[in-house]
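Have a look at upload_20.cif; it's mmCIF, C-alpha atoms:
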data_data
loop_
_atom_site.label_atom_id
_atom_site.label_comp_id
_atom_site.auth_asym_id
_atom_site.auth_seq_id
_atom_site.Cartn_x
_atom_site.Cartn_y
_atom_site.Cartn_z
CA MET A 683 -47.73 -177.59 3.00
CA ALA A 684 -50.91 -176.10 1.55
CA VAL A 685 -53.48 -174.84 4.05
CA PRO A 686 -56.52 -177.19 4.00
CA LEU A 687 -59.74 -175.96 2.44
CA ARG A 688 -62.78 -175.34 4.65
CA LYS A 689 -65.81 -175.97 2.47
CA LEU A 690 -67.74 -179.16 3.17
CA LYS A 691 -69.63 -181.38 0.77
CA ASP A 692 -71.76 -184.09 2.40
CA GLY A 693 -69.76 -183.56 5.58
CA VAL A 694 -66.39 -184.03 3.84
CA LEU A 695 -63.86 -181.24 3.32
CA TYR A 696 -63.06 -180.24 -0.23
CA GLN A 697 -59.74 -181.69 -1.36
CA ARG A 698 -57.42 -180.23 -3.98
CA ARG A 699 -56.20 -182.51 -6.71
CA LEU A 700 -52.86 -184.12 -5.92
CA LEU A 701 -51.07 -182.31 -8.74
CA VAL A 702 -52.33 -178.99 -7.36
CA GLU A 703 -51.21 -179.88 -3.82
CA ASN A 704 -47.76 -180.84 -5.11
CA ALA A 705 -47.48 -177.64 -7.17
CA ILE A 706 -48.41 -175.52 -4.13
CA ASP A 707 -45.84 -177.36 -2.00
CA ASP A 708 -43.16 -176.62 -4.62
CA LEU A 709 -44.14 -172.94 -4.68
CA MET A 710 -43.82 -172.68 -0.92
CA LYS A 711 -40.16 -173.72 -1.22
CA VAL A 712 -39.13 -170.74 -3.35
CA SER A 713 -38.90 -167.05 -2.51
CA ARG A 714 -41.69 -164.61 -3.13
CA SER A 715 -39.53 -162.99 -5.80
CA ASP A 716 -39.27 -166.32 -7.63
CA GLN A 717 -43.02 -166.80 -7.25
CA ALA A 718 -43.56 -163.38 -8.81
CA ASP A 719 -41.29 -164.25 -11.75
CA ARG A 720 -43.16 -167.49 -12.36
CA CYS A 721 -46.48 -165.64 -12.29
CA LYS A 722 -45.38 -163.84 -15.46
CA ILE A 723 -45.13 -167.12 -17.42
CA ALA A 724 -48.17 -167.32 -19.69
CA ASP A 725 -47.34 -170.51 -21.61
CA PRO A 726 -49.00 -173.55 -19.93
CA SER A 727 -46.40 -175.83 -21.52
CA ASP A 728 -43.56 -174.02 -19.72
CA PRO A 729 -42.26 -176.06 -16.74
CA GLY A 730 -42.40 -172.93 -14.57
CA TYR A 731 -46.03 -172.16 -15.38
CA ILE A 732 -48.22 -171.80 -12.28
CA PRO A 733 -51.67 -173.46 -12.54
CA SER A 734 -54.60 -171.13 -11.87
CA GLU A 735 -55.56 -173.12 -8.77
CA CYS A 736 -52.12 -172.36 -7.31
CA LEU A 737 -52.31 -168.68 -8.25
CA LEU A 738 -55.57 -168.46 -6.39
CA HIS A 739 -54.00 -170.17 -3.36
CA LEU A 740 -51.20 -167.58 -3.39
CA ILE A 741 -53.59 -164.64 -3.67
CA ARG A 742 -55.73 -165.97 -0.82
CA GLY A 743 -52.60 -166.38 1.30
CA CYS A 744 -51.92 -162.64 1.01
CA ARG A 745 -54.73 -161.95 3.49
CA SER A 746 -52.54 -163.11 6.37
CA ASP A 747 -49.47 -160.99 5.59
CA ASN A 748 -51.36 -158.00 4.12
CA SER A 749 -49.03 -157.81 1.11
CA ASP A 750 -50.89 -155.42 -1.18
CA HIS A 751 -48.18 -155.32 -3.85
CA PHE A 752 -47.95 -159.10 -4.18
CA PHE A 753 -51.74 -159.37 -4.10
CA ALA A 754 -52.09 -156.83 -6.93
CA MET A 755 -49.50 -158.58 -9.07
CA ILE A 756 -51.12 -162.01 -8.76
CA PHE A 757 -54.57 -160.49 -9.16
CA ARG A 758 -53.63 -159.00 -12.55
CA THR A 759 -52.30 -162.38 -13.72
CA LEU A 760 -55.36 -164.26 -12.51
CA ARG A 761 -57.75 -161.68 -13.98
CA ARG A 762 -56.08 -162.02 -17.40
CA ARG A 763 -56.65 -165.77 -17.25
CA VAL A 764 -60.29 -165.26 -16.37
CA LEU A 765 -60.72 -162.89 -19.32
CA THR A 766 -59.15 -165.35 -21.77
CA ARG A 767 -61.80 -167.91 -20.79
CA LEU A 768 -64.70 -165.57 -21.50
CA PRO A 769 -66.62 -165.17 -24.78
CA ASN A 770 -65.29 -162.61 -27.23
CA PRO A 771 -67.65 -159.60 -27.34
CA ALA A 772 -66.19 -158.41 -30.66
CA ILE A 773 -68.45 -160.07 -33.22
CA LYS A 774 -67.35 -159.23 -36.79
CA GLY A 775 -69.96 -158.33 -39.37
CA GLY A 776 -73.31 -156.60 -39.12
CA GLY A 777 -76.84 -157.73 -38.49
CA GLU A 778 -79.19 -157.56 -35.55
CA GLY A 779 -78.47 -161.16 -34.49
CA LYS A 780 -74.73 -160.62 -34.24
CA SER A 781 -75.24 -157.36 -32.37
CA LEU A 782 -77.45 -159.16 -29.87
CA VAL A 783 -74.86 -161.90 -29.37
CA SER A 784 -72.16 -159.26 -28.85
CA GLN A 785 -74.21 -157.50 -26.15
CA ARG A 786 -74.93 -160.84 -24.53
CA ASN A 787 -71.23 -161.68 -24.38
CA ILE A 788 -70.48 -158.30 -22.83
CA ALA A 789 -73.15 -158.98 -20.18
CA ILE A 790 -71.71 -162.45 -19.50
CA ASN A 791 -68.20 -161.05 -19.14
CA GLU A 792 -69.32 -158.32 -16.75
CA TYR A 793 -71.24 -160.87 -14.67
CA VAL A 794 -68.27 -163.24 -14.37
CA VAL A 795 -65.65 -160.58 -13.66
CA ASP A 796 -67.83 -158.73 -11.13
CA ARG A 797 -68.67 -161.86 -9.15
CA PHE A 798 -65.19 -163.34 -9.23
CA GLN A 799 -63.68 -160.06 -8.03
CA ALA A 800 -66.36 -159.78 -5.35
CA MET A 801 -65.43 -163.23 -4.06
CA LEU A 802 -61.76 -162.24 -3.92
CA VAL A 803 -62.59 -159.07 -1.98
CA GLN A 804 -64.80 -161.02 0.43
CA ASP A 805 -62.10 -163.66 0.89
CA ARG A 806 -59.44 -161.02 1.57
CA ALA A 807 -61.66 -159.50 4.25
CA GLY A 808 -62.27 -162.87 5.90
CA TYR A 809 -62.83 -166.15 4.07
CA ASP A 810 -65.14 -166.96 1.16
CA GLU A 811 -65.78 -170.70 0.92
CA ARG A 812 -67.06 -170.33 -2.63
CA LEU A 813 -63.45 -169.97 -3.78
CA ASP A 814 -62.52 -173.38 -2.36
CA TYR A 815 -63.85 -175.16 -5.43
CA TYR A 816 -61.78 -172.83 -7.63
CA GLU A 817 -58.71 -174.28 -5.87
CA VAL A 818 -59.99 -177.77 -6.70
CA ASN A 819 -60.78 -177.18 -10.39
CA PHE A 820 -60.47 -173.57 -11.49
CA ASP A 821 -61.65 -173.99 -15.08
CA ALA A 822 -64.71 -176.04 -14.11
CA ALA A 823 -65.71 -173.50 -11.43
CA LEU A 824 -65.28 -170.62 -13.88
CA ALA A 825 -67.31 -172.47 -16.51
CA THR A 826 -70.17 -172.76 -14.01
CA LEU A 827 -69.96 -169.03 -13.26
CA ARG A 828 -69.93 -168.29 -16.99
CA LEU A 829 -73.03 -170.45 -17.46
CA ASP A 830 -74.80 -168.53 -14.68
CA GLY A 831 -73.90 -165.29 -16.47
CA ARG A 832 -75.28 -166.61 -19.74
CA LYS A 833 -78.55 -167.63 -18.10
CA LYS A 834 -78.89 -164.18 -16.55
CA ALA A 835 -78.12 -162.47 -19.86
CA LEU A 836 -80.74 -164.56 -21.67
CA ARG A 837 -83.34 -163.76 -19.00
CA GLU A 838 -82.60 -160.05 -19.42
CA GLU A 839 -82.97 -160.35 -23.19
CA LYS A 840 -86.33 -162.07 -22.85
CA ARG A 841 -87.48 -159.49 -20.32
CA SER A 842 -86.49 -156.68 -22.70
CA GLU A 843 -88.30 -158.34 -25.57
CA SER A 844 -91.47 -158.83 -23.55
CA ILE A 845 -91.73 -155.28 -22.22
CA GLY A 846 -89.85 -153.27 -24.78
CA TYR A 847 -91.27 -154.16 -28.19
CA ASP A 848 -94.63 -153.72 -29.89
CA ASP A 849 -96.03 -157.03 -31.15
CA GLU A 850 -97.02 -155.57 -34.52
CA THR A 851 -94.17 -153.21 -35.37
CA SER A 852 -91.30 -154.88 -33.42
CA GLU A 853 -90.10 -151.39 -32.59
CA LEU A 854 -89.06 -150.23 -29.18
CA ASN A 855 -92.03 -148.69 -27.36
CA ALA A 856 -91.69 -144.93 -26.97
CA GLU A 857 -92.25 -145.12 -23.21
CA VAL A 858 -89.52 -147.74 -22.75
CA GLU A 859 -87.11 -145.78 -24.95
CA LYS A 860 -87.78 -142.64 -22.92
CA ALA A 861 -87.29 -144.53 -19.63
CA ALA A 862 -84.00 -145.99 -20.84
CA ALA A 863 -82.70 -142.56 -21.86
CA ALA A 864 -83.73 -141.15 -18.50
CA GLN A 865 -81.37 -143.52 -16.72
CA ASN A 866 -78.36 -141.76 -18.23
CA PRO A 867 -78.37 -138.07 -17.33
CA VAL A 868 -75.17 -137.44 -19.34
CA SER A 869 -76.33 -138.93 -22.66
CA GLU A 870 -75.23 -137.00 -25.76
CA SER A 871 -78.82 -136.29 -26.82
CA LYS A 872 -79.46 -134.37 -23.60
CA LEU A 873 -76.20 -132.43 -23.81
CA ASP A 874 -77.44 -130.73 -26.97
CA ASP A 875 -79.70 -128.59 -24.78
CA PRO A 876 -77.53 -125.71 -23.41
CA VAL A 877 -79.90 -125.10 -20.48
CA TYR A 878 -79.80 -128.75 -19.49
CA ARG A 879 -76.03 -128.82 -19.98
CA SER A 880 -75.55 -125.88 -17.62
CA ARG A 881 -77.71 -127.48 -14.92
CA LEU A 882 -75.96 -130.82 -15.43
CA TYR A 883 -72.46 -129.39 -14.96
CA ALA A 884 -73.59 -127.69 -11.77
CA ALA A 885 -74.92 -131.02 -10.48
CA ILE A 886 -71.64 -132.75 -11.41
CA GLU A 887 -69.62 -130.17 -9.47
CA SER A 888 -71.61 -131.03 -6.32
CA LEU A 889 -70.67 -134.72 -6.49
CA PRO A 890 -68.07 -136.34 -4.21
CA ASP A 891 -64.65 -136.30 -5.86
CA ASN A 892 -64.51 -140.04 -6.65
CA GLN A 893 -67.92 -139.94 -8.39
CA ARG A 894 -67.22 -136.64 -10.17
CA ARG A 895 -64.00 -137.98 -11.69
CA VAL A 896 -65.83 -140.98 -13.14
CA ILE A 897 -68.47 -138.74 -14.76
CA GLU A 898 -65.85 -136.34 -16.12
CA LEU A 899 -64.00 -139.24 -17.76
CA LEU A 900 -67.26 -140.59 -19.22
CA LEU A 901 -67.96 -137.17 -20.72
CA ARG A 902 -64.55 -137.32 -22.38
CA GLY A 903 -65.54 -140.59 -24.03
CA ILE A 904 -63.37 -142.80 -21.80
CA GLN A 905 -64.88 -146.25 -21.32
CA ILE A 906 -64.97 -147.97 -17.94
CA ASP A 907 -62.77 -150.95 -18.80
CA SER A 908 -61.33 -152.85 -21.75
CA GLN A 909 -59.53 -156.11 -22.42
CA GLU A 910 -57.19 -154.22 -24.74
CA PRO A 911 -54.13 -153.08 -22.72
CA ASN A 912 -53.48 -149.98 -24.85
CA ILE A 913 -56.97 -148.50 -24.59
CA PRO A 914 -57.32 -145.78 -21.91
CA THR A 915 -60.03 -146.68 -19.39
CA ILE A 916 -61.51 -145.26 -16.22
CA VAL A 917 -60.27 -148.29 -14.30
CA ARG A 918 -56.67 -147.52 -15.34
CA PHE A 919 -56.97 -143.77 -14.78
CA LEU A 920 -58.39 -144.14 -11.27
CA GLY A 921 -56.62 -147.36 -10.23
CA CYS A 922 -59.84 -149.04 -9.11
CA THR A 923 -61.73 -152.20 -10.02
CA GLU A 924 -64.34 -152.27 -12.76
CA LYS A 925 -67.08 -152.90 -10.20
CA THR A 926 -65.98 -149.90 -8.13
CA ALA A 927 -66.04 -147.66 -11.20
CA ARG A 928 -69.53 -148.85 -12.16
CA ASN A 929 -70.81 -148.37 -8.60
CA ARG A 930 -69.45 -144.82 -8.53
CA ARG A 931 -71.04 -144.12 -11.92
CA ASP A 932 -74.43 -145.45 -10.79
CA ARG A 933 -74.36 -143.48 -7.54
CA ALA A 934 -73.37 -140.37 -9.48
CA TYR A 935 -76.21 -140.86 -11.98
CA ALA A 936 -78.70 -141.18 -9.12
CA ALA A 937 -77.37 -138.05 -7.40
CA ILE A 938 -77.43 -136.06 -10.65
CA ARG A 939 -80.99 -137.11 -11.44
CA LYS A 940 -82.08 -136.15 -7.93
CA ALA A 941 -80.36 -132.76 -8.18
CA LEU A 942 -81.95 -132.03 -11.54
CA GLU A 943 -85.39 -133.08 -10.31
CA THR A 944 -85.03 -130.90 -7.21
CA GLU A 945 -84.11 -127.92 -9.38
CA GLU A 946 -87.12 -128.47 -11.63
CA ASP A 947 -89.44 -128.56 -8.60
CA ALA A 948 -87.95 -125.38 -7.14
#
Any chance you could put this one into structure tokens?
Amino acid sequence: MAVPLRKLKDGVLYQRRLLVENAIDDLMKVSRSDQADRCKIADPSDPGYIPSECLLHLIRGCRSDNSDHFFAMIFRTLRRRVLTRLPNPAIKGGGEGKSLVSQRNIAINEYVVDRFQAMLVQDRAGYDERLDYYEVNFDAALATLRLDGRKKALREEKRSESIGYDDETSELNAEVEKAAAAQNPVSESKLDDPVYRSRLYAAIESLPDNQRRVIELLLRGIQIDSQEPNIPTIVRFLGCTEKTARNRRDRAYAAIRKALETEEDA
């Protein structure tokens, strides 16, 4: 029998839909090996297909038996389903409008994936009630998260437009452009300077190993993550989550900037 949910709404516990409860009960009757085989079924019309609500229930159940391998396998399946429900960042054709939409979709996807994975990590460490609704109606909960990501992306676009462009020329202000470039100490434009490059590599060598490896891969042109399975990514090289890779990159950038500033003041 499925473990009851804990989240309350108006004093009443959240309840899974009956079809989800029945599907979970059926899963509990088969071996973990059979569960793993069924997790590989991607066709929703297949009788053995596991609904996303049930996949989430299985992955949350791993916290009690500390099964890292089973957790990782279900996580990959569930993450693929999340990605298929997100907007496609690859907008064909040119034009400023399409480019803007593409960047917006990338921002939405990053928002959704980061927050969903954060909830899973929090739940594995204890219990995250926010995931209870995902066991009630996974697609509806994900749609709400996607909408939140869209709202955030639109706010960021408006903020960039208000502070970054000149009213008369519609060109990016020089100060904003300079500030944006300063946030990335390993940008290609800066690497053209051999003196800067030498100081940069020295700063990279002083980083902790996990941060240094991220920067070294970035310098080789490896992107952090990709929906395409055949594209090499930092996430696949290092075996970490996208959020972890981005956090390491940001901490490394901050440390590099500080080291370069300290050297300039010396």
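The gap separating CA of Arg881 in chain A from CA of Lys925 in chain A is 28.0 Å, in Å to one decimal.
Distance check against Asp907 in chain A using all atoms listed in the file: of A:Val795, A:Ala934, A:Ala718, A:Val712, the minimum falls on A:Val795.
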**OP:** Select, from A:Lys940, A:Arg928, A:His739, A:Arg761, the residue with the minimum atom-to-atom distance to Tyr815 in chain A, counting only C-alpha atoms.
**Re:** A:His739
Can you list, as a short mmCIF file (atom, residue, chain, number, x, y, z; two decimals) with C-alpha atoms, keeping the file's coordinate frame, the residues that the PyMOL selection byres ((chain A and resi 814) around 8) selects here?
data_model
loop_
_atom_site.label_atom_id
_atom_site.label_comp_id
_atom_site.auth_asym_id
_atom_site.auth_seq_id
_atom_site.Cartn_x
_atom_site.Cartn_y
_atom_site.Cartn_z
CA LEU A 687 -59.74 -175.96 2.44
CA ARG A 688 -62.78 -175.34 4.65
CA LYS A 689 -65.81 -175.97 2.47
CA TYR A 696 -63.06 -180.24 -0.23
CA ASP A 810 -65.14 -166.96 1.16
CA GLU A 811 -65.78 -170.70 0.92
CA ARG A 812 -67.06 -170.33 -2.63
CA LEU A 813 -63.45 -169.97 -3.78
CA TYR A 815 -63.85 -175.16 -5.43
CA TYR A 816 -61.78 -172.83 -7.63
CA GLU A 817 -58.71 -174.28 -5.87
CA VAL A 818 -59.99 -177.77 -6.70
#
Original post:
Quick one, how far is CA of Pro733 in chain A from CA of Gln717 in chain A?
Top reply: 12.1 Å
Return as a short mmCIF file (atom, residue, chain, number, x, y, z; two decimals) with C-alpha atoms, in the coordinates of the input the set of residues that the PyMOL selection byres ((chain A and resi 766-770) around 10) yields on the displayed structure.
data_model
loop_
_atom_site.label_atom_id
_atom_site.label_comp_id
_atom_site.auth_asym_id
_atom_site.auth_seq_id
_atom_site.Cartn_x
_atom_site.Cartn_y
_atom_site.Cartn_z
CA ARG A 761 -57.75 -161.68 -13.98
CA ARG A 762 -56.08 -162.02 -17.40
CA ARG A 763 -56.65 -165.77 -17.25
CA VAL A 764 -60.29 -165.26 -16.37
CA LEU A 765 -60.72 -162.89 -19.32
CA PRO A 771 -67.65 -159.60 -27.34
CA ALA A 772 -66.19 -158.41 -30.66
CA ILE A 773 -68.45 -160.07 -33.22
CA VAL A 783 -74.86 -161.90 -29.37
CA SER A 784 -72.16 -159.26 -28.85
CA ARG A 786 -74.93 -160.84 -24.53
CA ASN A 787 -71.23 -161.68 -24.38
CA ILE A 788 -70.48 -158.30 -22.83
CA ILE A 790 -71.71 -162.45 -19.50
CA ASN A 791 -68.20 -161.05 -19.14
CA GLU A 792 -69.32 -158.32 -16.75
CA VAL A 794 -68.27 -163.24 -14.37
CA VAL A 795 -65.65 -160.58 -13.66
CA ASP A 821 -61.65 -173.99 -15.08
CA LEU A 824 -65.28 -170.62 -13.88
CA ALA A 825 -67.31 -172.47 -16.51
CA ARG A 828 -69.93 -168.29 -16.99
CA GLN A 909 -59.53 -156.11 -22.42
#
Subject >> Chain and number of each residue from the PyMOL selection byres ((chain A and resi 897-906) around 9), as a VMD selection string >> reply: chain A and resid 868 to 870 886 893 to 896 907 to 908 913 to 919 924 927 to 928 930 to 931 934 to 935
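In this structure, CA of Arg698 in chain A sits 21.5 Å away from CA of Gln799 in chain A.
Among the candidates A:Cys721, A:Ala800, A:Leu740, A:Leu829, the one nearest to Ala684 in chain A when counting only C-alpha atoms is A:Leu740.
Of the listed residues (A:Ala885, A:Leu942, A:Val877, A:Ile706), A:Ile706 comes nearest to Leu738 in chain A; the distances count all atoms listed in the file.
Between Tyr878 in chain A and the residues A:Asp707, A:Ile938, A:Lys834, A:Glu839, the shortest atom-to-atom distance, using all atoms listed in the file, involves A:Ile938.
Minimum atom-to-atom distance to Gln785 in chain A, evaluated using all atoms listed in the file, belongs to A:Arg832 out of A:Arg832, A:Lys711, A:Arg745, A:Arg758.
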**OP:** Write out as a list of chain:residue names each polymer residue whose atoms come within 12 Å of Asp719 in chain A, counting all atoms listed in the file; drop sequence neighbours fewer than 5 positions from it.
**Re:** A:Leu709, A:Val712, A:Ser713, A:Arg714, A:Ala724, A:Gly730, A:Tyr731, A:Ile732, A:Phe752, A:Met755, A:Ile756, A:Thr759
